[in-house]
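Shown next: final.cif, containing mmCIF, C-alpha atoms.
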```
data_upload
#
loop_
_atom_site.label_atom_id
_atom_site.label_comp_id
_atom_site.auth_asym_id
_atom_site.auth_seq_id
_atom_site.Cartn_x
_atom_site.Cartn_y
_atom_site.Cartn_z
CA MET A 1 -11.03 -62.87 -24.21
CA GLN A 2 -9.15 -60.89 -26.84
CA ARG A 3 -5.35 -60.84 -27.02
CA THR A 4 -3.06 -58.92 -29.32
CA HIS A 5 0.34 -60.08 -30.54
CA THR A 6 2.59 -57.39 -32.03
CA ILE A 7 5.21 -58.86 -34.39
CA ALA A 8 8.05 -57.07 -36.13
CA ARG A 9 8.29 -57.54 -39.87
CA CYS A 10 11.10 -57.63 -42.39
CA PRO A 11 9.66 -56.04 -45.56
CA THR A 12 11.51 -55.39 -48.78
CA PRO A 13 12.06 -51.78 -49.98
CA GLU A 14 9.17 -52.19 -52.44
CA GLN A 15 6.88 -53.40 -49.66
CA VAL A 16 7.93 -50.50 -47.42
CA ASP A 17 6.94 -48.11 -50.19
CA SER A 18 3.55 -49.83 -50.46
CA PHE A 19 3.03 -49.53 -46.70
CA LYS A 20 3.84 -45.82 -46.78
CA ARG A 21 1.44 -45.16 -49.65
CA ALA A 22 -1.34 -47.15 -47.94
CA CYS A 23 -0.86 -45.28 -44.66
CA GLY A 24 -0.78 -41.99 -46.55
CA THR A 25 -4.06 -42.90 -48.23
CA ALA A 26 -5.68 -43.69 -44.88
CA ARG A 27 -4.43 -40.38 -43.45
CA ARG A 28 -5.71 -38.37 -46.42
CA VAL A 29 -9.13 -40.03 -46.37
CA TRP A 30 -9.40 -39.35 -42.61
CA ASN A 31 -8.67 -35.65 -43.16
CA TRP A 32 -11.23 -35.41 -45.98
CA ALA A 33 -13.87 -37.16 -43.88
CA LEU A 34 -13.22 -34.97 -40.82
CA ASN A 35 -13.37 -31.74 -42.85
CA GLU A 36 -16.59 -32.85 -44.52
CA TRP A 37 -18.07 -33.93 -41.17
CA ASN A 38 -17.31 -30.52 -39.64
CA ARG A 39 -18.67 -28.69 -42.68
CA GLN A 40 -21.97 -30.57 -42.64
CA TYR A 41 -22.33 -30.19 -38.88
CA ALA A 42 -21.71 -26.43 -39.09
CA ALA A 43 -24.41 -26.21 -41.79
CA GLY A 44 -26.94 -27.79 -39.43
CA GLY A 45 -26.74 -31.33 -40.76
CA ARG A 46 -26.27 -34.60 -38.89
CA PRO A 47 -23.40 -36.38 -40.65
CA ASN A 48 -22.75 -40.09 -40.26
CA ALA A 49 -19.95 -42.37 -41.36
CA MET A 50 -21.89 -44.43 -43.91
CA ALA A 51 -23.23 -41.35 -45.71
CA LEU A 52 -19.75 -39.84 -45.88
CA LYS A 53 -18.37 -43.10 -47.24
CA LYS A 54 -20.95 -43.16 -50.05
CA GLN A 55 -20.21 -39.52 -50.81
CA PHE A 56 -16.49 -40.25 -50.97
CA ASN A 57 -16.96 -43.24 -53.28
CA ALA A 58 -18.88 -41.00 -55.67
CA ILE A 59 -16.31 -38.20 -55.89
CA THR A 60 -13.28 -40.48 -56.33
CA TYR A 61 -14.26 -40.85 -60.01
CA THR A 62 -14.82 -37.14 -60.70
CA ASP A 63 -12.81 -34.97 -58.28
CA PRO A 64 -9.35 -34.11 -59.72
CA GLN A 65 -7.65 -34.43 -56.32
CA TRP A 66 -8.49 -38.14 -56.30
CA LEU A 67 -7.45 -38.78 -59.92
CA ASP A 68 -3.99 -39.49 -61.26
CA GLU A 69 -2.36 -37.91 -64.32
CA SER A 70 -4.28 -40.20 -66.68
CA GLY A 71 -7.64 -39.37 -65.04
CA ARG A 72 -7.91 -42.72 -63.27
CA PRO A 73 -8.90 -42.97 -59.55
CA TRP A 74 -5.62 -43.70 -57.80
CA VAL A 75 -7.35 -45.07 -54.69
CA GLN A 76 -8.19 -48.17 -56.71
CA ASP A 77 -4.53 -49.15 -56.43
CA MET A 78 -4.91 -49.36 -52.65
CA HIS A 79 -6.68 -52.05 -50.71
CA ARG A 80 -10.24 -51.18 -49.67
CA ASP A 81 -9.37 -51.06 -45.94
CA ALA A 82 -7.01 -48.13 -46.57
CA HIS A 83 -9.88 -45.86 -47.68
CA ALA A 84 -12.83 -47.55 -45.94
CA GLN A 85 -11.68 -48.01 -42.33
CA PRO A 86 -10.99 -44.26 -41.67
CA PHE A 87 -14.74 -43.60 -41.78
CA ARG A 88 -15.39 -46.19 -39.08
CA ASN A 89 -12.50 -44.80 -37.01
CA LEU A 90 -13.92 -41.29 -37.31
CA ALA A 91 -17.37 -42.44 -36.15
CA ASN A 92 -15.80 -44.17 -33.15
CA ALA A 93 -13.78 -41.05 -32.33
CA TRP A 94 -16.91 -38.87 -32.28
CA GLU A 95 -18.74 -41.46 -30.15
CA ARG A 96 -15.94 -41.38 -27.58
CA PHE A 97 -15.97 -37.57 -27.63
CA PHE A 98 -19.69 -37.28 -26.88
CA ALA A 99 -19.52 -40.12 -24.33
CA ASP A 100 -16.79 -38.27 -22.42
CA LEU A 101 -18.89 -35.10 -22.51
CA ARG A 102 -21.89 -36.91 -21.03
CA GLU A 103 -19.75 -38.42 -18.27
CA GLY A 104 -18.12 -35.08 -17.42
CA LYS A 105 -14.65 -36.21 -18.47
CA GLU A 106 -12.11 -34.16 -20.38
CA ALA A 107 -13.13 -34.56 -24.04
CA HIS A 108 -11.08 -33.89 -27.17
CA GLU A 109 -12.51 -33.54 -30.66
CA PRO A 110 -10.96 -35.58 -33.49
CA ARG A 111 -8.12 -33.70 -35.15
CA LEU A 112 -6.57 -33.62 -38.60
CA LYS A 113 -3.57 -35.85 -39.15
CA LYS A 114 -0.37 -34.37 -40.53
CA LYS A 115 2.38 -36.36 -42.16
CA GLY A 116 5.29 -36.75 -39.77
CA ARG A 117 3.17 -35.65 -36.79
CA CYS A 118 0.95 -38.72 -36.48
CA ARG A 119 1.52 -42.44 -36.31
CA ASP A 120 1.50 -44.29 -39.62
CA SER A 121 -0.97 -47.15 -39.26
CA LEU A 122 -3.34 -49.19 -41.38
CA TYR A 123 -6.13 -51.59 -40.40
CA VAL A 124 -6.53 -54.89 -42.25
CA ALA A 125 -9.71 -56.95 -41.89
CA ASN A 126 -9.49 -60.60 -40.88
CA ASP A 127 -10.82 -61.85 -44.22
CA THR A 128 -8.09 -60.15 -46.27
CA PHE A 129 -4.87 -61.58 -44.79
CA THR A 130 -3.54 -65.05 -44.05
CA LEU A 131 -0.74 -66.39 -41.85
CA MET A 132 1.68 -69.12 -42.84
CA GLY A 133 4.23 -69.62 -40.08
CA LYS A 134 6.53 -66.59 -40.07
CA THR A 135 4.90 -65.11 -43.16
CA ILE A 136 1.82 -62.94 -43.50
CA ARG A 137 0.11 -62.41 -46.84
CA LEU A 138 -1.38 -58.93 -47.13
CA PRO A 139 -3.66 -57.70 -49.91
CA ARG A 140 -2.01 -55.79 -52.78
CA ILE A 141 1.39 -56.32 -51.13
CA GLY A 142 1.98 -60.06 -51.01
CA ASP A 143 3.97 -62.20 -48.59
CA VAL A 144 5.86 -60.28 -45.87
CA ALA A 145 8.37 -61.99 -43.58
CA MET A 146 7.86 -61.73 -39.81
CA THR A 147 10.35 -62.23 -36.99
CA GLU A 148 8.20 -64.84 -35.18
CA GLU A 149 5.02 -66.85 -35.46
CA LEU A 150 1.69 -65.93 -33.92
CA ARG A 151 1.78 -67.19 -30.33
CA PHE A 152 -2.00 -67.32 -29.77
CA ALA A 153 -4.33 -69.99 -31.14
CA GLY A 154 -7.82 -68.72 -31.75
CA THR A 155 -10.03 -66.71 -34.07
CA MET A 156 -8.24 -63.81 -35.72
CA LEU A 157 -10.32 -60.63 -35.58
CA GLY A 158 -8.11 -58.26 -37.55
CA ALA A 159 -4.64 -56.75 -37.81
CA THR A 160 -3.07 -53.30 -37.64
CA VAL A 161 0.05 -52.44 -39.61
CA SER A 162 2.06 -49.65 -38.01
CA ARG A 163 5.49 -48.02 -38.12
CA THR A 164 7.76 -47.11 -35.20
CA ALA A 165 10.87 -45.20 -36.26
CA ASP A 166 12.08 -47.14 -39.33
CA ARG A 167 10.61 -50.52 -38.29
CA TRP A 168 7.25 -51.93 -39.32
CA PHE A 169 5.03 -54.05 -37.09
CA VAL A 170 1.77 -55.94 -37.39
CA ALA A 171 -0.53 -56.27 -34.37
CA ILE A 172 -2.88 -59.23 -34.77
CA GLN A 173 -6.02 -59.32 -32.62
CA VAL A 174 -7.04 -62.86 -31.64
CA GLU A 175 -10.00 -64.13 -29.65
CA VAL A 176 -8.60 -66.93 -27.50
CA PRO A 177 -10.36 -69.42 -25.19
CA ASP A 178 -10.29 -68.79 -21.46
CA ALA A 179 -8.00 -71.74 -20.78
CA GLN A 180 -5.29 -70.10 -22.91
CA CYS A 181 -5.75 -66.65 -21.44
CA TYR A 182 -5.67 -67.23 -17.69
CA ARG A 183 -2.40 -68.05 -15.91
CA ARG A 184 -1.52 -69.77 -12.67
CA ARG A 185 0.13 -67.84 -9.85
CA THR A 186 3.46 -69.03 -8.47
CA SER A 187 2.76 -67.78 -4.92
CA HIS A 188 -0.08 -66.25 -2.96
CA GLU A 189 1.38 -63.29 -1.09
CA VAL A 190 -0.45 -60.13 -0.02
CA ASN A 191 1.50 -56.90 -0.45
CA GLY A 192 1.21 -53.17 -0.75
CA VAL A 193 3.09 -51.40 -3.54
CA ASP A 194 4.12 -47.76 -3.23
CA LEU A 195 5.06 -46.18 -6.55
CA GLY A 196 7.57 -43.37 -6.59
CA ILE A 197 10.33 -41.53 -8.42
CA LYS A 198 13.35 -42.43 -6.30
CA ALA A 199 12.33 -46.10 -6.50
CA ALA A 200 9.80 -47.19 -9.10
CA ALA A 201 8.12 -49.54 -6.62
CA THR A 202 8.60 -50.19 -2.92
CA ILE A 203 6.93 -53.44 -1.81
CA SER A 204 5.71 -53.97 1.73
CA SER A 205 7.94 -57.06 1.99
CA GLY A 206 10.93 -54.70 2.01
CA GLU A 207 11.98 -55.09 -1.64
CA VAL A 208 12.84 -51.92 -3.53
CA VAL A 209 12.59 -51.99 -7.33
CA GLU A 210 14.67 -49.34 -9.05
CA ALA A 211 13.49 -47.93 -12.37
CA PRO A 212 15.90 -47.99 -15.34
CA LYS A 213 15.08 -44.31 -16.13
CA PRO A 214 16.09 -44.60 -19.80
CA LEU A 215 15.38 -40.94 -20.58
CA LYS A 216 17.70 -39.70 -17.84
CA ALA A 217 20.49 -41.99 -19.07
CA ALA A 218 20.17 -40.93 -22.71
CA LEU A 219 19.21 -37.28 -22.25
CA ARG A 220 22.57 -35.95 -23.45
CA ARG A 221 22.50 -38.03 -26.63
CA LEU A 222 18.88 -37.06 -27.17
CA ASN A 223 19.69 -33.34 -26.93
CA ILE A 224 22.64 -33.66 -29.30
CA ARG A 225 20.66 -35.48 -31.97
CA SER A 226 17.72 -33.08 -31.58
CA ARG A 227 20.02 -30.09 -32.14
CA ARG A 228 21.52 -31.73 -35.22
CA LEU A 229 18.07 -32.20 -36.74
CA SER A 230 17.02 -28.68 -35.73
CA ARG A 231 20.03 -27.14 -37.52
CA LYS A 232 19.22 -29.04 -40.71
CA LEU A 233 15.59 -27.91 -40.47
CA GLN A 234 16.65 -24.28 -40.07
CA ALA A 235 18.93 -24.63 -43.10
CA ALA A 236 15.99 -26.00 -45.11
CA LYS A 237 13.87 -22.98 -44.08
CA LYS A 238 16.64 -20.62 -45.14
CA ALA A 239 16.92 -22.37 -48.51
CA ALA A 240 13.15 -21.95 -48.97
CA GLY A 241 13.40 -18.21 -48.28
CA CYS A 242 11.76 -18.22 -44.84
CA GLU A 243 12.94 -16.38 -41.76
CA ARG A 244 14.62 -18.44 -39.09
CA ARG A 245 11.82 -18.31 -36.51
CA ALA A 246 8.97 -17.46 -38.86
CA ARG A 247 5.99 -19.74 -39.20
CA LEU A 248 5.83 -21.63 -42.48
CA PRO A 249 2.93 -20.65 -44.77
CA LYS A 250 0.29 -23.31 -45.07
CA GLY A 251 1.06 -25.80 -47.83
CA THR A 252 4.79 -24.99 -47.93
CA ARG A 253 7.00 -28.04 -48.40
CA LEU A 254 10.61 -27.73 -47.31
CA PRO A 255 13.32 -29.47 -49.33
CA VAL A 256 14.40 -32.72 -47.69
CA SER A 257 18.09 -33.58 -47.94
CA ASN A 258 19.57 -37.00 -47.36
CA ASN A 259 21.39 -35.73 -44.27
CA ARG A 260 18.18 -34.39 -42.80
CA ARG A 261 16.36 -37.66 -43.52
CA THR A 262 19.19 -39.66 -41.90
CA SER A 263 19.27 -37.38 -38.86
CA ALA A 264 15.50 -37.69 -38.37
CA ALA A 265 15.70 -41.49 -38.59
CA THR A 266 18.54 -41.59 -36.04
CA LEU A 267 16.55 -39.46 -33.58
CA ALA A 268 13.44 -41.60 -34.09
CA ARG A 269 15.39 -44.80 -33.40
CA LEU A 270 16.68 -43.35 -30.13
CA HIS A 271 13.15 -42.40 -29.04
CA ALA A 272 11.94 -45.90 -29.93
CA ARG A 273 14.73 -47.49 -27.92
CA LEU A 274 13.86 -45.44 -24.84
CA ALA A 275 10.21 -46.42 -25.15
CA ASN A 276 11.16 -50.09 -25.52
CA LEU A 277 13.34 -50.00 -22.40
CA ARG A 278 10.55 -48.43 -20.37
CA ALA A 279 7.94 -50.89 -21.69
CA ASP A 280 10.22 -53.87 -20.99
CA PHE A 281 10.66 -52.79 -17.37
CA THR A 282 6.97 -52.14 -16.74
CA HIS A 283 5.89 -55.44 -18.32
CA LYS A 284 8.33 -57.47 -16.24
CA LEU A 285 7.41 -55.67 -13.01
CA THR A 286 3.64 -55.86 -13.47
CA THR A 287 3.76 -59.52 -14.53
CA ARG A 288 5.80 -60.43 -11.45
CA LEU A 289 3.46 -58.54 -9.10
CA CYS A 290 0.38 -60.27 -10.51
CA ARG A 291 2.01 -63.70 -10.67
CA GLU A 292 3.37 -63.71 -7.12
CA ASN A 293 0.49 -62.09 -5.19
CA GLN A 294 -3.07 -63.13 -4.58
CA ALA A 295 -3.85 -59.52 -3.61
CA PHE A 296 -1.94 -56.25 -3.61
CA VAL A 297 -2.74 -52.57 -3.22
CA ILE A 298 -1.58 -49.52 -5.17
CA GLU A 299 -2.55 -45.91 -4.74
CA ASP A 300 -4.80 -43.96 -7.11
CA GLY A 301 -2.19 -41.41 -8.13
CA ASN A 302 -3.13 -38.22 -9.94
CA VAL A 303 -0.60 -38.64 -12.74
CA LYS A 304 -1.89 -35.69 -14.77
CA GLY A 305 -1.64 -33.42 -11.75
CA MET A 306 1.87 -34.64 -10.95
CA LEU A 307 2.99 -33.97 -14.52
CA ALA A 308 1.99 -30.33 -14.03
CA ASN A 309 4.97 -29.98 -11.66
CA GLU A 310 7.67 -28.70 -13.99
CA LYS A 311 10.45 -29.84 -11.65
CA LEU A 312 9.28 -33.45 -11.41
CA ALA A 313 7.41 -33.97 -14.69
CA ARG A 314 10.37 -35.45 -16.59
CA ALA A 315 11.25 -37.89 -13.80
CA ILE A 316 7.60 -38.96 -13.38
CA ALA A 317 7.17 -39.53 -17.11
CA ASP A 318 10.43 -41.49 -17.22
CA VAL A 319 9.03 -44.06 -14.77
CA GLY A 320 5.70 -44.49 -16.57
CA PHE A 321 3.08 -44.50 -13.81
CA GLY A 322 0.17 -44.56 -16.23
CA MET A 323 1.57 -47.57 -18.08
CA LEU A 324 2.10 -49.43 -14.81
CA ARG A 325 -1.51 -48.86 -13.73
CA SER A 326 -3.07 -49.98 -17.01
CA GLN A 327 -0.93 -53.12 -17.23
CA LEU A 328 -1.69 -54.11 -13.65
CA GLU A 329 -5.42 -53.84 -14.28
CA TYR A 330 -5.58 -56.29 -17.17
CA LYS A 331 -2.88 -58.67 -15.93
CA ALA A 332 -4.55 -59.01 -12.53
CA LYS A 333 -7.58 -60.49 -14.30
CA ARG A 334 -5.41 -63.01 -16.13
CA TYR A 335 -3.80 -64.30 -12.91
CA GLY A 336 -6.95 -64.08 -10.78
CA THR A 337 -5.24 -61.52 -8.55
CA ARG A 338 -7.24 -59.10 -6.42
CA LEU A 339 -6.07 -55.59 -7.28
CA VAL A 340 -7.11 -52.88 -4.84
CA ILE A 341 -6.90 -49.17 -5.68
CA ALA A 342 -6.49 -47.01 -2.58
CA ASP A 343 -8.01 -43.55 -2.50
CA ARG A 344 -5.54 -40.84 -3.45
CA TRP A 345 -6.24 -38.97 -0.19
CA TYR A 346 -5.35 -41.95 2.00
CA PRO A 347 -2.35 -40.71 4.10
CA ARG A 348 -0.19 -43.76 3.49
CA SER A 349 3.08 -41.90 4.16
CA ARG A 350 1.90 -39.99 7.24
CA LEU A 351 0.50 -42.97 9.16
CA CYS A 352 2.70 -45.04 11.44
CA SER A 353 2.40 -48.62 10.25
CA ILE A 354 2.96 -49.85 13.83
CA CYS A 355 0.54 -47.86 15.98
CA GLY A 356 -1.45 -45.78 13.50
CA TRP A 357 -0.31 -42.34 14.71
CA LYS A 358 -0.55 -39.65 12.01
CA ASN A 359 2.40 -37.35 11.38
CA GLU A 360 0.81 -34.09 10.26
CA ALA A 361 4.18 -32.32 9.93
CA LEU A 362 5.59 -34.75 7.34
CA THR A 363 6.76 -33.03 4.12
CA LEU A 364 7.90 -34.34 0.77
CA ARG A 365 11.54 -33.73 1.70
CA ASP A 366 11.34 -36.06 4.71
CA ARG A 367 12.47 -39.49 3.51
CA GLU A 368 12.70 -40.91 7.05
CA TRP A 369 10.85 -40.05 10.24
CA VAL A 370 10.30 -41.27 13.81
CA CYS A 371 6.87 -41.91 15.29
CA ALA A 372 6.24 -39.60 18.26
CA GLN A 373 3.89 -42.12 19.88
CA CYS A 374 5.70 -45.47 19.68
CA GLY A 375 9.20 -44.32 18.67
CA ALA A 376 9.36 -46.50 15.54
CA HIS A 377 11.79 -45.38 12.84
CA HIS A 378 10.23 -45.40 9.35
CA ASP A 379 11.49 -45.22 5.82
CA ARG A 380 8.91 -43.10 4.03
CA ASP A 381 8.28 -45.41 1.04
CA LEU A 382 8.40 -48.68 2.98
CA ASN A 383 6.04 -47.31 5.61
CA ALA A 384 3.62 -46.24 2.86
CA ALA A 385 3.74 -49.71 1.29
CA ARG A 386 2.98 -51.38 4.64
CA ASN A 387 0.01 -49.08 5.20
CA LEU A 388 -1.27 -49.92 1.73
CA LYS A 389 -0.95 -53.63 2.51
CA ARG A 390 -3.52 -53.28 5.30
CA LEU A 391 -6.15 -52.22 2.79
CA ALA A 392 -5.93 -55.56 0.99
CA THR A 393 -7.87 -57.29 3.75
CA VAL A 394 -10.42 -54.55 4.39
CA THR A 395 -13.86 -54.99 2.84
CA ALA A 396 -15.64 -51.77 3.87
CA LEU A 397 -13.84 -48.52 4.50
CA PRO A 398 -14.97 -44.91 5.03
CA VAL A 399 -14.37 -42.45 2.22
CA ALA A 400 -11.22 -40.44 2.87
CA SER A 401 -11.20 -36.67 2.50
CA PRO A 402 -8.19 -34.38 1.99
CA THR A 403 -8.48 -32.94 5.50
CA SER A 404 -10.21 -35.39 7.82
CA ASN A 405 -8.95 -38.78 6.54
CA GLY A 406 -12.33 -40.50 6.74
CA GLY A 407 -13.58 -38.65 9.80
CA ALA A 408 -10.87 -39.86 12.15
CA ALA A 409 -9.82 -37.71 15.06
CA ALA A 410 -6.90 -35.37 14.48
CA GLY A 411 -3.52 -36.85 15.32
CA THR A 412 -4.61 -40.51 15.54
CA VAL A 413 -6.33 -42.63 12.89
CA PRO A 414 -7.49 -46.25 12.77
CA ALA A 415 -5.12 -48.93 11.53
CA ALA A 416 -6.98 -49.00 8.19
CA ALA A 417 -8.69 -45.91 6.80
CA GLY A 418 -9.36 -44.76 3.28
CA LYS A 419 -11.41 -45.73 0.26
CA VAL A 420 -10.49 -48.76 -1.82
CA THR A 421 -11.83 -49.95 -5.14
CA LEU A 422 -11.62 -53.41 -6.62
CA VAL A 423 -10.73 -53.25 -10.30
CA ARG A 424 -13.34 -55.81 -11.29
CA ASP A 425 -15.99 -53.72 -9.46
CA ASP A 426 -14.82 -50.43 -10.92
CA GLY A 427 -17.74 -50.23 -13.31
CA GLY A 428 -20.27 -50.18 -10.51
CA HIS A 429 -21.69 -53.67 -11.07
CA GLN A 430 -21.00 -57.18 -9.93
CA ASP A 431 -20.09 -60.04 -12.23
CA THR A 432 -22.82 -62.66 -11.88
CA SER A 433 -21.89 -64.73 -14.91
CA GLY A 434 -19.81 -67.24 -12.95
CA GLN A 435 -16.58 -65.91 -14.43
CA GLU A 436 -14.89 -65.84 -11.02
CA GLU A 437 -15.50 -69.55 -10.47
CA ASN A 438 -14.44 -70.42 -14.01
CA ARG A 439 -11.23 -68.43 -13.62
CA ALA A 440 -10.34 -70.15 -10.36
CA HIS A 441 -10.98 -73.55 -11.93
CA LEU A 442 -8.86 -72.75 -15.00
CA CYS A 443 -6.02 -71.39 -12.89
CA ALA A 444 -6.02 -74.56 -10.83
CA LEU A 445 -5.83 -76.70 -13.96
CA SER A 446 -3.12 -74.69 -15.72
#
```

What would you get if you wrote out this structure as structure tokens?
Amino acid sequence: MQRTHTIARCPTPEQVDSFKRACGTARRVWNWALNEWNRQYAAGGRPNAMALKKQFNAITYTDPQWLDESGRPWVQDMHRDAHAQPFRNLANAWERFFADLREGKEAHEPRLKKKGRCRDSLYVANDTFTLMGKTIRLPRIGDVAMTEELRFAGTMLGATVSRTADRWFVAIQVEVPDAQCYRRRTSHEVNGVDLGIKAAATISSGEVVEAPKPLKAALRRLNIRSRRLSRKLQAAKKAAGCERRARLPKGTRLPVSNNRRTSAATLARLHARLANLRADFTHKLTTRLCRENQAFVIEDGNVKGMLANEKLARAIADVGFGMLRSQLEYKAKRYGTRLVIADRWYPRSRLCSICGWKNEALTLRDREWVCAQCGAHHDRDLNAARNLKRLATVTALPVASPTSNGGAAAGTVPAAAGKVTLVRDDGGHQDTSGQEENRAHLCALS
């Protein structure tokens, strides 16, 4: 199994400048390759990455835009991965685009990358860098100090150098043995987990996990720093002779003052801090759920549809539902936990967890309600979590529909109804390689 360890680095100012130039080279090569790909495709050709790479290597010695003032190809000063890997990335991007089209998913064509609007990153092949404790030796740059050592022992597959705000990181991909990857659970509970805005997670055991909501806490500071940067940007437009709200002509470069550069860095650091707080919370929550449960159920929420609600979009994004789902899926495999995804139309909030009566009149405003059949008093989120817990022990369930809830009679439904999906069976095939038995054996030994 492959693992990735992201480590912060402590580069010198000269090394930071080298990183910026290498990332700029990768961005410029990507844009050239994408424009040439589109031009050849529009002319009726069938472009491919290897042909474009050979074409690029030929023009770097003759085209003035790839030559320095002395007529020498300036890309020779960069490591080969900076101007070779973008072609492979572009081919992979087009493959994903056409694969999504074939599967009927929402597909997006590769886009041009603009400085300041995209993430600065650079791929480094495994045969071009070496690790020595807390130091990594990169080609054309030299030894760069890191904040910690690589925590995984295995075969290094590659590394990605990236920048977040004003900090630089290196993500090292390592292929590790199964014994190092899988972890042992501390308990073997079965629970249902209801995700929400008021509480990030409500567990069927009665525990309520509140979200830190970092964006809500720092929204005032974020608005103030955004306005400061916006005023400096408007001043730069005025100095360049542009109207206040006019669109900049293509190719226009605004003058960058030290105050504007400092203000942009301050705003970027605040955004990075908010993202780190959210990621820290989701990692701790998902690790605990997978480590303490042998099986648990979450709902298949339509996050994209929920974000279309302009009144709730900010609060939903501040919790990070999508991040929680993706982390649960891969961590459940590491701990040998059975993760069940309930159908999004399963009426987990409307069903009485005691008798199974369905409350058709329940609205989003109702946080508590009383069952008309058995008289039980329910908290909305806790009742939903208990209904989800029932699905963890069900092996075959009818498919739920938005109106009929799996064909049950109106007003009353069975104790367990809805469609569930095991994450390991999500691809439509069963694992017959013996991985399940190996994982159980490794977990027992760890």

- prompt: For Thr363 (chain A), which residue out of A:Asn387, A:Thr393, A:Thr147, A:Ser349 is the nearest one, using all atoms listed in the file?
  reply: A:Ser349

field: A:Phe321, A:Phe169, A:Cys355, A:Val297 ranked by distance to Arg390 (chain A), top pick (using all atoms listed in the file)
entry: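 Of all the options, A:Val297 lies closest to Arg390 (chain A).
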
query: Applied to this file, what does the PyMOL selection byres ((chain A and resi 277) around 12) return in terms of residues, put as an MDAnalysis selection string?
result: chainID A and resid 211:215 217:218 270:276 278:284 318:320

Writing out the chosen residues with C-alpha atoms as an mmCIF file, in the frame of the given file:
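Below you can see out.cif, which holds the result:
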```cif
data_model
loop_
_atom_site.group_PDB
_atom_site.id
_atom_site.type_symbol
_atom_site.label_atom_id
_atom_site.label_comp_id
_atom_site.auth_asym_id
_atom_site.auth_seq_id
_atom_site.Cartn_x
_atom_site.Cartn_y
_atom_site.Cartn_z
ATOM 1 C CA ALA A 211 13.490 -47.930 -12.370
ATOM 2 C CA PRO A 212 15.900 -47.990 -15.340
ATOM 3 C CA LYS A 213 15.080 -44.310 -16.130
ATOM 4 C CA PRO A 214 16.090 -44.600 -19.800
ATOM 5 C CA LEU A 215 15.380 -40.940 -20.580
ATOM 6 C CA ALA A 217 20.490 -41.990 -19.070
ATOM 7 C CA ALA A 218 20.170 -40.930 -22.710
ATOM 8 C CA LEU A 270 16.680 -43.350 -30.130
ATOM 9 C CA HIS A 271 13.150 -42.400 -29.040
ATOM 10 C CA ALA A 272 11.940 -45.900 -29.930
ATOM 11 C CA ARG A 273 14.730 -47.490 -27.920
ATOM 12 C CA LEU A 274 13.860 -45.440 -24.840
ATOM 13 C CA ALA A 275 10.210 -46.420 -25.150
ATOM 14 C CA ASN A 276 11.160 -50.090 -25.520
ATOM 15 C CA ARG A 278 10.550 -48.430 -20.370
ATOM 16 C CA ALA A 279 7.940 -50.890 -21.690
ATOM 17 C CA ASP A 280 10.220 -53.870 -20.990
ATOM 18 C CA PHE A 281 10.660 -52.790 -17.370
ATOM 19 C CA THR A 282 6.970 -52.140 -16.740
ATOM 20 C CA HIS A 283 5.890 -55.440 -18.320
ATOM 21 C CA LYS A 284 8.330 -57.470 -16.240
ATOM 22 C CA ASP A 318 10.430 -41.490 -17.220
ATOM 23 C CA VAL A 319 9.030 -44.060 -14.770
ATOM 24 C CA GLY A 320 5.700 -44.490 -16.570
#
```

task: Starting from the shown file, work through the PyMOL selection byres ((chain A and resi 361) around 12) and note down what comes out as an NGL selection string.
output: :A and (349-351 or 357-360 or 362-366 or 369-372 or 411)

- request: Do a neighbour search on Arg225 (chain A) at 12 Å with all atoms listed in the file, toss out local chain neighbours closer than 6 positions, and write the hits as a PyMOL selection string.
  value: chain A and resi 218-219+231-232+260+262-271

message: Using only C-alpha atoms, can you tell me which of A:Ala58, A:Ala51, A:Ile203, A:Ala235 comes closest to Leu382 (chain A)?
response: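 Selected residue with least distance to Leu382 (chain A): A:Ile203.
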
query: Got a sec: who's within 9 Å of Arg185 (chain A), counting all atoms listed in the file, leaving out chain neighbours fewer than 6 positions off, as an MDAnalysis selection string?
result: chainID A and resid 290:294 335:337 443

Point (-2.9, -42.1, -12.4) neighbourhood (12 Å, only C-alpha atoms) written as a list of chain:residue names: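 Result, sorted by chain then residue number: A:Leu195, A:Ile298, A:Glu299, A:Asp300, A:Gly301, A:Asn302, A:Val303, A:Lys304, A:Gly305, A:Met306, A:Leu307, A:Ile316, A:Ala317, A:Gly320, A:Phe321, A:Gly322, A:Met323, A:Leu324, A:Arg325, A:Ser326, A:Ile341, A:Ala342, A:Asp343, A:Arg344.
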
query: In Å to one decimal, how far is CA of Trp94 (chain A) from CA of Trp30 (chain A)?
result: 12.8 Å

query: What is the distance between CA of Arg80 (chain A) and CA of Gln40 (chain A), in Å to one decimal?
result: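 CA of Gln40 (chain A) lies 24.7 Å from CA of Arg80 (chain A).
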
- request: Taking the file as shown, find all residues satisfying the PyMOL selection byres ((chain A and resi 97) around 9) and write them as a list in words.
  value: Asn92, Ala93, Trp94, Glu95, Arg96, Phe98, Ala99, Asp100, Leu101, Arg102, Glu106, Ala107, His108, Glu109 and Pro110 of chain A

query: Using all atoms listed in the file, which of A:Arg3, A:Lys238, A:His79, A:Arg386 sits nearest Tyr182 (chain A)?
result: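 So, comparing all the options, the nearest one is A:Arg3.
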
field: One-decimal distance in Å that lies between CA of Asp381 (chain A) and CA of Val193 (chain A)
entry: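 So the two atoms, CA of Val193 (chain A) and CA of Asp381 (chain A), lie 9.2 Å apart.
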
- request: Determine, counting all atoms listed in the file, which protein, DNA and RNA residues have an atom within 6 Å of an atom of region 71-77 of chain A; residues of the same chain fewer than 2 positions away are not included. Present the result as a ChimeraX atom specification.
  value: /A:60-61,66-69
